[in-house]
>>> print(open('entry.cif').read())   # mmCIF, N, CA and C atoms
data_structure
loop_
_atom_site.label_atom_id
_atom_site.label_comp_id
_atom_site.auth_asym_id
_atom_site.auth_seq_id
_atom_site.Cartn_x
_atom_site.Cartn_y
_atom_site.Cartn_z
N MET A 1 34.09 -4.97 -9.13
CA MET A 1 33.74 -6.12 -8.28
C MET A 1 32.23 -6.34 -8.34
N GLY A 2 31.82 -7.50 -8.75
CA GLY A 2 30.39 -7.77 -8.90
C GLY A 2 29.79 -8.41 -7.66
N ILE A 3 28.60 -8.87 -7.83
CA ILE A 3 27.89 -9.55 -6.75
C ILE A 3 28.48 -10.95 -6.59
N GLN A 4 28.65 -11.35 -5.35
CA GLN A 4 29.11 -12.71 -5.07
C GLN A 4 27.91 -13.65 -5.07
N ILE A 5 28.08 -14.80 -5.70
CA ILE A 5 26.99 -15.78 -5.78
C ILE A 5 27.29 -16.95 -4.86
N LEU A 6 26.35 -17.21 -3.95
CA LEU A 6 26.38 -18.41 -3.12
C LEU A 6 25.30 -19.33 -3.64
N TYR A 7 25.31 -20.58 -3.20
CA TYR A 7 24.30 -21.53 -3.64
C TYR A 7 23.70 -22.25 -2.45
N LYS A 8 22.39 -22.51 -2.54
CA LYS A 8 21.67 -23.21 -1.49
C LYS A 8 22.29 -24.60 -1.26
N ASN A 9 22.68 -25.25 -2.36
CA ASN A 9 23.33 -26.56 -2.27
C ASN A 9 24.03 -26.87 -3.60
N GLU A 10 24.67 -28.01 -3.66
CA GLU A 10 25.42 -28.41 -4.85
C GLU A 10 24.52 -28.58 -6.08
N THR A 11 23.31 -29.10 -5.87
CA THR A 11 22.36 -29.30 -6.97
C THR A 11 22.05 -27.97 -7.64
N VAL A 12 21.79 -26.96 -6.84
CA VAL A 12 21.47 -25.64 -7.38
C VAL A 12 22.68 -25.06 -8.11
N LYS A 13 23.86 -25.29 -7.57
CA LYS A 13 25.07 -24.80 -8.23
C LYS A 13 25.16 -25.41 -9.63
N LYS A 14 24.86 -26.68 -9.75
CA LYS A 14 24.93 -27.35 -11.05
C LYS A 14 23.82 -26.88 -12.00
N GLN A 15 22.69 -26.42 -11.43
CA GLN A 15 21.59 -25.89 -12.24
C GLN A 15 21.95 -24.53 -12.82
N PHE A 16 22.71 -23.73 -12.05
CA PHE A 16 22.91 -22.32 -12.42
C PHE A 16 24.30 -22.00 -12.95
N CYS A 17 25.33 -22.52 -12.33
CA CYS A 17 26.70 -22.12 -12.61
C CYS A 17 27.14 -22.62 -14.00
N SER A 18 27.62 -21.69 -14.84
CA SER A 18 27.94 -22.05 -16.23
C SER A 18 29.12 -23.02 -16.34
N GLU A 19 29.88 -23.21 -15.26
CA GLU A 19 30.95 -24.20 -15.37
C GLU A 19 30.37 -25.61 -15.54
N TYR A 20 29.07 -25.76 -15.29
CA TYR A 20 28.40 -27.06 -15.47
C TYR A 20 27.54 -27.09 -16.73
N LYS A 21 27.68 -26.10 -17.60
CA LYS A 21 26.75 -25.97 -18.73
C LYS A 21 26.75 -27.18 -19.67
N LYS A 22 27.84 -27.94 -19.71
CA LYS A 22 27.85 -29.14 -20.57
C LYS A 22 26.84 -30.18 -20.10
N LYS A 23 26.48 -30.12 -18.81
CA LYS A 23 25.53 -31.09 -18.26
C LYS A 23 24.10 -30.56 -18.23
N TRP A 24 23.91 -29.29 -18.55
CA TRP A 24 22.58 -28.70 -18.52
C TRP A 24 21.67 -29.38 -19.54
N ARG A 25 20.41 -29.56 -19.15
CA ARG A 25 19.42 -30.15 -20.05
C ARG A 25 18.31 -29.15 -20.39
N TYR A 26 18.67 -27.88 -20.40
CA TYR A 26 17.69 -26.84 -20.71
C TYR A 26 17.59 -26.64 -22.23
N PRO A 27 16.47 -26.06 -22.68
CA PRO A 27 16.40 -25.63 -24.09
C PRO A 27 17.53 -24.63 -24.38
N GLU A 28 17.98 -24.56 -25.61
CA GLU A 28 19.11 -23.71 -26.01
C GLU A 28 18.93 -22.25 -25.58
N GLN A 29 17.71 -21.73 -25.77
CA GLN A 29 17.44 -20.32 -25.41
C GLN A 29 17.63 -20.11 -23.91
N VAL A 30 17.21 -21.08 -23.11
CA VAL A 30 17.35 -20.97 -21.66
C VAL A 30 18.82 -20.98 -21.26
N LYS A 31 19.61 -21.84 -21.90
CA LYS A 31 21.06 -21.88 -21.62
C LYS A 31 21.69 -20.52 -21.85
N LYS A 32 21.35 -19.90 -22.98
CA LYS A 32 21.92 -18.58 -23.30
C LYS A 32 21.51 -17.54 -22.25
N LYS A 33 20.23 -17.57 -21.88
CA LYS A 33 19.72 -16.60 -20.90
C LYS A 33 20.36 -16.83 -19.53
N LEU A 34 20.59 -18.08 -19.17
CA LEU A 34 21.23 -18.40 -17.88
C LEU A 34 22.65 -17.86 -17.83
N ILE A 35 23.39 -18.08 -18.90
CA ILE A 35 24.77 -17.58 -18.94
C ILE A 35 24.76 -16.06 -18.88
N SER A 36 23.84 -15.42 -19.59
CA SER A 36 23.72 -13.96 -19.55
C SER A 36 23.37 -13.48 -18.14
N ALA A 37 22.44 -14.18 -17.49
CA ALA A 37 22.03 -13.79 -16.13
C ALA A 37 23.21 -13.92 -15.17
N GLU A 38 23.94 -15.02 -15.29
CA GLU A 38 25.11 -15.22 -14.42
C GLU A 38 26.12 -14.09 -14.62
N ASN A 39 26.41 -13.76 -15.88
CA ASN A 39 27.34 -12.68 -16.17
C ASN A 39 26.85 -11.34 -15.64
N PHE A 40 25.54 -11.09 -15.81
CA PHE A 40 24.96 -9.84 -15.34
C PHE A 40 25.15 -9.72 -13.82
N ILE A 41 24.83 -10.80 -13.10
CA ILE A 41 24.94 -10.78 -11.63
C ILE A 41 26.39 -10.58 -11.21
N LEU A 42 27.30 -11.32 -11.84
CA LEU A 42 28.72 -11.23 -11.47
C LEU A 42 29.31 -9.85 -11.77
N ASN A 43 28.69 -9.12 -12.68
CA ASN A 43 29.19 -7.79 -13.03
C ASN A 43 28.38 -6.66 -12.41
N ALA A 44 27.32 -6.99 -11.70
CA ALA A 44 26.47 -5.96 -11.09
C ALA A 44 27.18 -5.35 -9.88
N GLU A 45 26.94 -4.07 -9.68
CA GLU A 45 27.50 -3.38 -8.51
C GLU A 45 26.83 -3.87 -7.22
N SER A 46 25.51 -4.04 -7.31
CA SER A 46 24.74 -4.43 -6.13
C SER A 46 23.41 -5.01 -6.62
N LEU A 47 22.60 -5.46 -5.68
CA LEU A 47 21.29 -6.01 -6.01
C LEU A 47 20.42 -4.97 -6.73
N MET A 48 20.71 -3.70 -6.50
CA MET A 48 19.97 -2.61 -7.15
C MET A 48 20.01 -2.76 -8.67
N ASP A 49 21.15 -3.22 -9.21
CA ASP A 49 21.26 -3.39 -10.66
C ASP A 49 20.28 -4.45 -11.17
N LEU A 50 20.10 -5.52 -10.40
CA LEU A 50 19.13 -6.55 -10.80
C LEU A 50 17.72 -6.01 -10.71
N ALA A 51 17.43 -5.30 -9.61
CA ALA A 51 16.09 -4.75 -9.39
C ALA A 51 15.73 -3.74 -10.48
N ASN A 52 16.72 -3.00 -10.98
CA ASN A 52 16.47 -1.94 -11.96
C ASN A 52 16.56 -2.41 -13.41
N TYR A 53 16.80 -3.70 -13.63
CA TYR A 53 16.93 -4.21 -15.00
C TYR A 53 15.58 -4.80 -15.40
N PRO A 54 14.78 -4.05 -16.19
CA PRO A 54 13.39 -4.45 -16.46
C PRO A 54 13.19 -5.89 -16.97
N PRO A 55 14.05 -6.41 -17.88
CA PRO A 55 13.78 -7.78 -18.37
C PRO A 55 13.77 -8.85 -17.27
N PHE A 56 14.43 -8.57 -16.15
CA PHE A 56 14.46 -9.57 -15.06
C PHE A 56 13.15 -9.66 -14.29
N HIS A 57 12.32 -8.61 -14.32
CA HIS A 57 11.09 -8.59 -13.51
C HIS A 57 11.38 -9.02 -12.07
N PHE A 58 12.38 -8.41 -11.47
CA PHE A 58 12.80 -8.76 -10.12
C PHE A 58 11.63 -8.62 -9.16
N GLU A 59 11.26 -9.71 -8.50
CA GLU A 59 10.10 -9.65 -7.61
C GLU A 59 10.22 -10.64 -6.46
N ARG A 60 9.52 -10.32 -5.39
CA ARG A 60 9.49 -11.17 -4.21
C ARG A 60 8.48 -12.29 -4.41
N LEU A 61 8.84 -13.50 -3.97
CA LEU A 61 7.90 -14.60 -4.04
C LEU A 61 6.91 -14.49 -2.89
N LYS A 62 5.86 -15.31 -2.96
CA LYS A 62 4.80 -15.24 -1.94
C LYS A 62 4.71 -16.54 -1.15
N GLY A 63 3.88 -16.50 -0.12
CA GLY A 63 3.60 -17.70 0.66
C GLY A 63 4.82 -18.22 1.40
N ASN A 64 5.03 -19.53 1.34
CA ASN A 64 6.12 -20.12 2.12
C ASN A 64 7.50 -19.83 1.52
N ARG A 65 7.52 -19.10 0.41
CA ARG A 65 8.81 -18.71 -0.20
C ARG A 65 8.97 -17.20 -0.19
N LYS A 66 8.33 -16.52 0.78
CA LYS A 66 8.32 -15.06 0.80
C LYS A 66 9.69 -14.43 1.03
N ASP A 67 10.67 -15.22 1.49
CA ASP A 67 12.02 -14.68 1.70
C ASP A 67 12.85 -14.73 0.42
N GLU A 68 12.29 -15.34 -0.62
CA GLU A 68 13.02 -15.48 -1.87
C GLU A 68 12.55 -14.46 -2.90
N TRP A 69 13.44 -14.16 -3.84
CA TRP A 69 13.18 -13.23 -4.93
C TRP A 69 13.46 -13.96 -6.23
N SER A 70 12.87 -13.49 -7.31
CA SER A 70 13.14 -14.17 -8.58
C SER A 70 13.48 -13.17 -9.67
N ILE A 71 14.24 -13.69 -10.65
CA ILE A 71 14.45 -12.98 -11.90
C ILE A 71 13.99 -13.93 -13.00
N ARG A 72 13.43 -13.37 -14.05
CA ARG A 72 12.96 -14.19 -15.17
C ARG A 72 14.05 -14.28 -16.22
N LEU A 73 14.07 -15.41 -16.90
CA LEU A 73 15.01 -15.60 -18.00
C LEU A 73 14.27 -15.35 -19.31
N GLY A 74 14.02 -14.08 -19.57
CA GLY A 74 13.30 -13.68 -20.78
C GLY A 74 11.89 -14.26 -20.80
N ASN A 75 11.43 -14.64 -21.98
CA ASN A 75 10.09 -15.21 -22.12
C ASN A 75 10.13 -16.73 -22.20
N THR A 76 11.12 -17.32 -21.54
CA THR A 76 11.32 -18.78 -21.63
C THR A 76 10.42 -19.54 -20.66
N GLY A 77 9.84 -18.83 -19.67
CA GLY A 77 9.09 -19.51 -18.63
C GLY A 77 9.98 -19.92 -17.46
N TYR A 78 11.29 -19.79 -17.64
CA TYR A 78 12.22 -20.14 -16.57
C TYR A 78 12.52 -18.93 -15.71
N ARG A 79 12.83 -19.22 -14.45
CA ARG A 79 13.24 -18.16 -13.54
C ARG A 79 14.34 -18.69 -12.63
N VAL A 80 15.05 -17.75 -12.04
CA VAL A 80 16.09 -18.06 -11.06
C VAL A 80 15.64 -17.42 -9.76
N THR A 81 15.58 -18.22 -8.69
CA THR A 81 15.20 -17.66 -7.39
C THR A 81 16.43 -17.52 -6.52
N MET A 82 16.37 -16.52 -5.65
CA MET A 82 17.53 -16.20 -4.81
C MET A 82 17.10 -15.53 -3.52
N ILE A 83 18.02 -15.54 -2.55
CA ILE A 83 17.82 -14.83 -1.29
C ILE A 83 18.98 -13.86 -1.13
N PRO A 84 18.70 -12.57 -0.95
CA PRO A 84 19.77 -11.61 -0.71
C PRO A 84 20.49 -11.95 0.61
N CYS A 85 21.79 -11.67 0.68
CA CYS A 85 22.56 -11.99 1.88
C CYS A 85 23.37 -10.80 2.36
N TYR A 86 23.64 -10.80 3.67
CA TYR A 86 24.56 -9.82 4.26
C TYR A 86 25.97 -10.14 3.80
N ASN A 87 26.91 -9.24 4.07
CA ASN A 87 28.30 -9.45 3.65
C ASN A 87 28.94 -10.68 4.28
N ASP A 88 28.37 -11.16 5.39
CA ASP A 88 28.91 -12.37 6.03
C ASP A 88 28.21 -13.64 5.54
N GLY A 89 27.31 -13.48 4.56
CA GLY A 89 26.64 -14.63 3.97
C GLY A 89 25.33 -15.03 4.62
N ARG A 90 24.95 -14.36 5.73
CA ARG A 90 23.65 -14.66 6.36
C ARG A 90 22.54 -14.14 5.46
N GLU A 91 21.43 -14.89 5.40
CA GLU A 91 20.30 -14.49 4.57
C GLU A 91 19.59 -13.28 5.15
N ILE A 92 19.21 -12.36 4.28
CA ILE A 92 18.44 -11.18 4.70
C ILE A 92 16.97 -11.50 4.50
N ILE A 93 16.26 -11.68 5.60
CA ILE A 93 14.84 -12.00 5.48
C ILE A 93 13.96 -11.01 6.24
N GLU A 94 14.58 -10.01 6.83
CA GLU A 94 13.83 -8.99 7.58
C GLU A 94 13.98 -7.63 6.91
N GLY A 95 13.02 -6.77 7.15
CA GLY A 95 13.15 -5.39 6.72
C GLY A 95 12.83 -5.18 5.25
N ASP A 96 13.03 -3.98 4.80
CA ASP A 96 12.72 -3.58 3.43
C ASP A 96 13.93 -3.89 2.53
N ILE A 97 13.87 -5.01 1.85
CA ILE A 97 14.99 -5.45 1.01
C ILE A 97 15.29 -4.42 -0.07
N LEU A 98 14.24 -3.91 -0.71
CA LEU A 98 14.46 -2.96 -1.81
C LEU A 98 15.17 -1.70 -1.33
N ALA A 99 14.89 -1.30 -0.10
CA ALA A 99 15.57 -0.11 0.45
C ALA A 99 17.05 -0.40 0.70
N GLN A 100 17.39 -1.66 0.91
CA GLN A 100 18.78 -2.04 1.19
C GLN A 100 19.55 -2.47 -0.06
N CYS A 101 18.87 -2.51 -1.20
CA CYS A 101 19.43 -3.06 -2.44
C CYS A 101 20.84 -2.59 -2.76
N LYS A 102 21.09 -1.29 -2.57
CA LYS A 102 22.40 -0.74 -2.93
C LYS A 102 23.53 -1.34 -2.10
N MET A 103 23.19 -1.82 -0.90
CA MET A 103 24.20 -2.36 0.01
C MET A 103 24.40 -3.87 -0.19
N ILE A 104 23.48 -4.51 -0.87
CA ILE A 104 23.51 -5.98 -0.97
C ILE A 104 24.40 -6.40 -2.13
N ARG A 105 25.46 -7.15 -1.78
CA ARG A 105 26.44 -7.57 -2.78
C ARG A 105 26.62 -9.09 -2.81
N ILE A 106 25.75 -9.79 -2.14
CA ILE A 106 25.80 -11.26 -2.13
C ILE A 106 24.38 -11.79 -2.30
N VAL A 107 24.21 -12.77 -3.18
CA VAL A 107 22.92 -13.45 -3.30
C VAL A 107 23.16 -14.95 -3.21
N LYS A 108 22.18 -15.64 -2.64
CA LYS A 108 22.22 -17.10 -2.59
C LYS A 108 21.17 -17.62 -3.57
N ILE A 109 21.63 -18.27 -4.63
CA ILE A 109 20.72 -18.85 -5.62
C ILE A 109 20.06 -20.08 -4.98
N THR A 110 18.72 -20.13 -5.06
CA THR A 110 18.01 -21.25 -4.43
C THR A 110 17.43 -22.24 -5.44
N GLU A 111 17.21 -21.78 -6.69
CA GLU A 111 16.60 -22.69 -7.66
C GLU A 111 16.62 -22.08 -9.06
N VAL A 112 16.74 -22.96 -10.05
CA VAL A 112 16.46 -22.59 -11.44
C VAL A 112 15.28 -23.48 -11.83
N SER A 113 14.18 -22.88 -12.26
CA SER A 113 13.01 -23.71 -12.54
C SER A 113 12.19 -23.13 -13.68
N ASN A 114 11.40 -24.03 -14.27
CA ASN A 114 10.42 -23.61 -15.24
C ASN A 114 9.18 -23.26 -14.44
N HIS A 115 8.84 -22.00 -14.43
CA HIS A 115 7.76 -21.47 -13.61
C HIS A 115 6.42 -22.15 -13.90
N TYR A 116 6.30 -22.70 -15.11
CA TYR A 116 4.99 -23.24 -15.52
C TYR A 116 4.91 -24.74 -15.46
N GLU A 117 5.91 -25.40 -14.91
CA GLU A 117 5.85 -26.88 -14.81
C GLU A 117 5.31 -27.29 -13.47
#
>>> encode(input="entry.cif", output="structure tokens")
Amino acid sequence: MGIQILYKNETVKKQFCSEYKKKWRYPEQVKKKLISAENFILNAESLMDLANYPPFHFERLKGNRKDEWSIRLGNTGYRVTMIPCYNDGREIIEGDILAQCKMIRIVKITEVSNHYE
């Protein structure tokens, strides 16, 4: 049983979820990395697997997005941002997220973006 993926809204679902890949307007390399990332998340035991996978560079965002975390899609300049969630789907924005990683089995995807645009 992998991590459950929630979405901030329908737009984000269409940006990330591979069932919409025919409508994606990303470069080919980004499409491949997105599908790989989705598969990795769906097959991960917990958020710990994402945090421990070096190519993702799992990190907390700063400033007004400090409750969000990101994974990188290789060297494409694209990243996927997410908020870890409790088992009932509420966002986890308090406490030491990394210490809770093993328990976190739900993430809410908030954006797929080119970090440099």
>>> residues_around(input="entry.cif", residues="A:Leu61", least_positions_apart="4", cutoff="10 Å", atoms="only C-alpha atoms", output="MDAnalysis selection string")
chainID A and resid 65:70 81:82
>>> closest_atom_pairs(input="entry.cif", of="stretch 17-43 of chain A", to="stretch 47-59 of chain A", cutoff="9 Å", atoms="only C-alpha atoms", output="JSON lines")
{"residue": "A:Ala37", "atom": "CA", "partner": "A:Phe56", "partner_atom": "CA", "distance": 8.7}
{"residue": "A:Phe40", "atom": "CA", "partner": "A:Leu50", "partner_atom": "CA", "distance": 8.1}
{"residue": "A:Ile41", "atom": "CA", "partner": "A:Leu50", "partner_atom": "CA", "distance": 7.2}
>>> residues_around(input="entry.cif", residues="A:Asn43", least_positions_apart="5", cutoff="6.5 Å", atoms="all atoms listed in the file", output="ChimeraX atom specification")
/A:1-3,38
>>> atom_distance(input="entry.cif", atom1="atom CA of A:Ile83", atom2="atom C of A:Lys32")
21.5 Å
>>> atom_distance(input="entry.cif", atom1="atom C of A:Leu98", atom2="atom N of A:Leu73")
20.8 Å
>>> select_by_dssp(input="entry.cif", residues="stretch 5-72 of chain A", states="strand (DSSP E or B)", output="VMD selection string")
chain A and resid 5 to 7 59 to 60 69 to 72
>>> closest_residue(input="entry.cif", among="A:Pro27, A:Asn87, A:Leu34, A:Tyr116", to="A:Gln15", atoms="all atoms listed in the file")
A:Leu34
>>> residues_around(input="entry.cif", residues="stretch 5-14 of chain A", least_positions_apart="4", cutoff="6.5 Å", atoms="all atoms listed in the file", output="JSON, numbers by chain")
{"A": [20, 106, 107, 108, 109, 110, 111, 112]}
>>> write_last_selection(input="entry.cif", atoms="N, CA and C atoms", output="mmCIF file, in the frame of the given file")
data_model
loop_
_atom_site.group_PDB
_atom_site.id
_atom_site.type_symbol
_atom_site.label_atom_id
_atom_site.label_comp_id
_atom_site.auth_asym_id
_atom_site.auth_seq_id
_atom_site.Cartn_x
_atom_site.Cartn_y
_atom_site.Cartn_z
ATOM 1 N N TYR A 20 29.070 -25.760 -15.290
ATOM 2 C CA TYR A 20 28.400 -27.060 -15.470
ATOM 3 C C TYR A 20 27.540 -27.090 -16.730
ATOM 4 N N ILE A 106 25.750 -9.790 -2.140
ATOM 5 C CA ILE A 106 25.800 -11.260 -2.130
ATOM 6 C C ILE A 106 24.380 -11.790 -2.300
ATOM 7 N N VAL A 107 24.210 -12.770 -3.180
ATOM 8 C CA VAL A 107 22.920 -13.450 -3.300
ATOM 9 C C VAL A 107 23.160 -14.950 -3.210
ATOM 10 N N LYS A 108 22.180 -15.640 -2.640
ATOM 11 C CA LYS A 108 22.220 -17.100 -2.590
ATOM 12 C C LYS A 108 21.170 -17.620 -3.570
ATOM 13 N N ILE A 109 21.630 -18.270 -4.630
ATOM 14 C CA ILE A 109 20.720 -18.850 -5.620
ATOM 15 C C ILE A 109 20.060 -20.080 -4.980
ATOM 16 N N THR A 110 18.720 -20.130 -5.060
ATOM 17 C CA THR A 110 18.010 -21.250 -4.430
ATOM 18 C C THR A 110 17.430 -22.240 -5.440
ATOM 19 N N GLU A 111 17.210 -21.780 -6.690
ATOM 20 C CA GLU A 111 16.600 -22.690 -7.660
ATOM 21 C C GLU A 111 16.620 -22.080 -9.060
ATOM 22 N N VAL A 112 16.740 -22.960 -10.050
ATOM 23 C CA VAL A 112 16.460 -22.590 -11.440
ATOM 24 C C VAL A 112 15.280 -23.480 -11.830
#
>>> closest_residue(input="entry.cif", among="A:Asn75, A:Glu45, A:Asn64, A:Ile35", to="A:Cys101", atoms="only N, CA and C atoms")
A:Glu45
>>> resolve_selection(input="entry.cif", expression="the PyMOL selection byres ((chain A and resi 77) around 6.5)", output="list of chain:residue names")
A:Leu73, A:Gly74, A:Asn75, A:Thr76, A:Tyr78, A:Arg79, A:Ser113, A:Asn114, A:His115, A:Tyr116
>>> atom_distance(input="entry.cif", atom1="atom CA of A:Val80", atom2="atom CA of A:Glu28")
16.3 Å
>>> closest_residue(input="entry.cif", among="A:Ile71, A:Gly95, A:Ser46, A:Gln100", to="A:Gln4", atoms="all atoms listed in the file")
A:Ser46
>>> closest_residue(input="entry.cif", among="A:Cys85, A:Met103, A:Arg90, A:Arg72", to="A:Lys33", atoms="only N, CA and C atoms")
A:Arg72
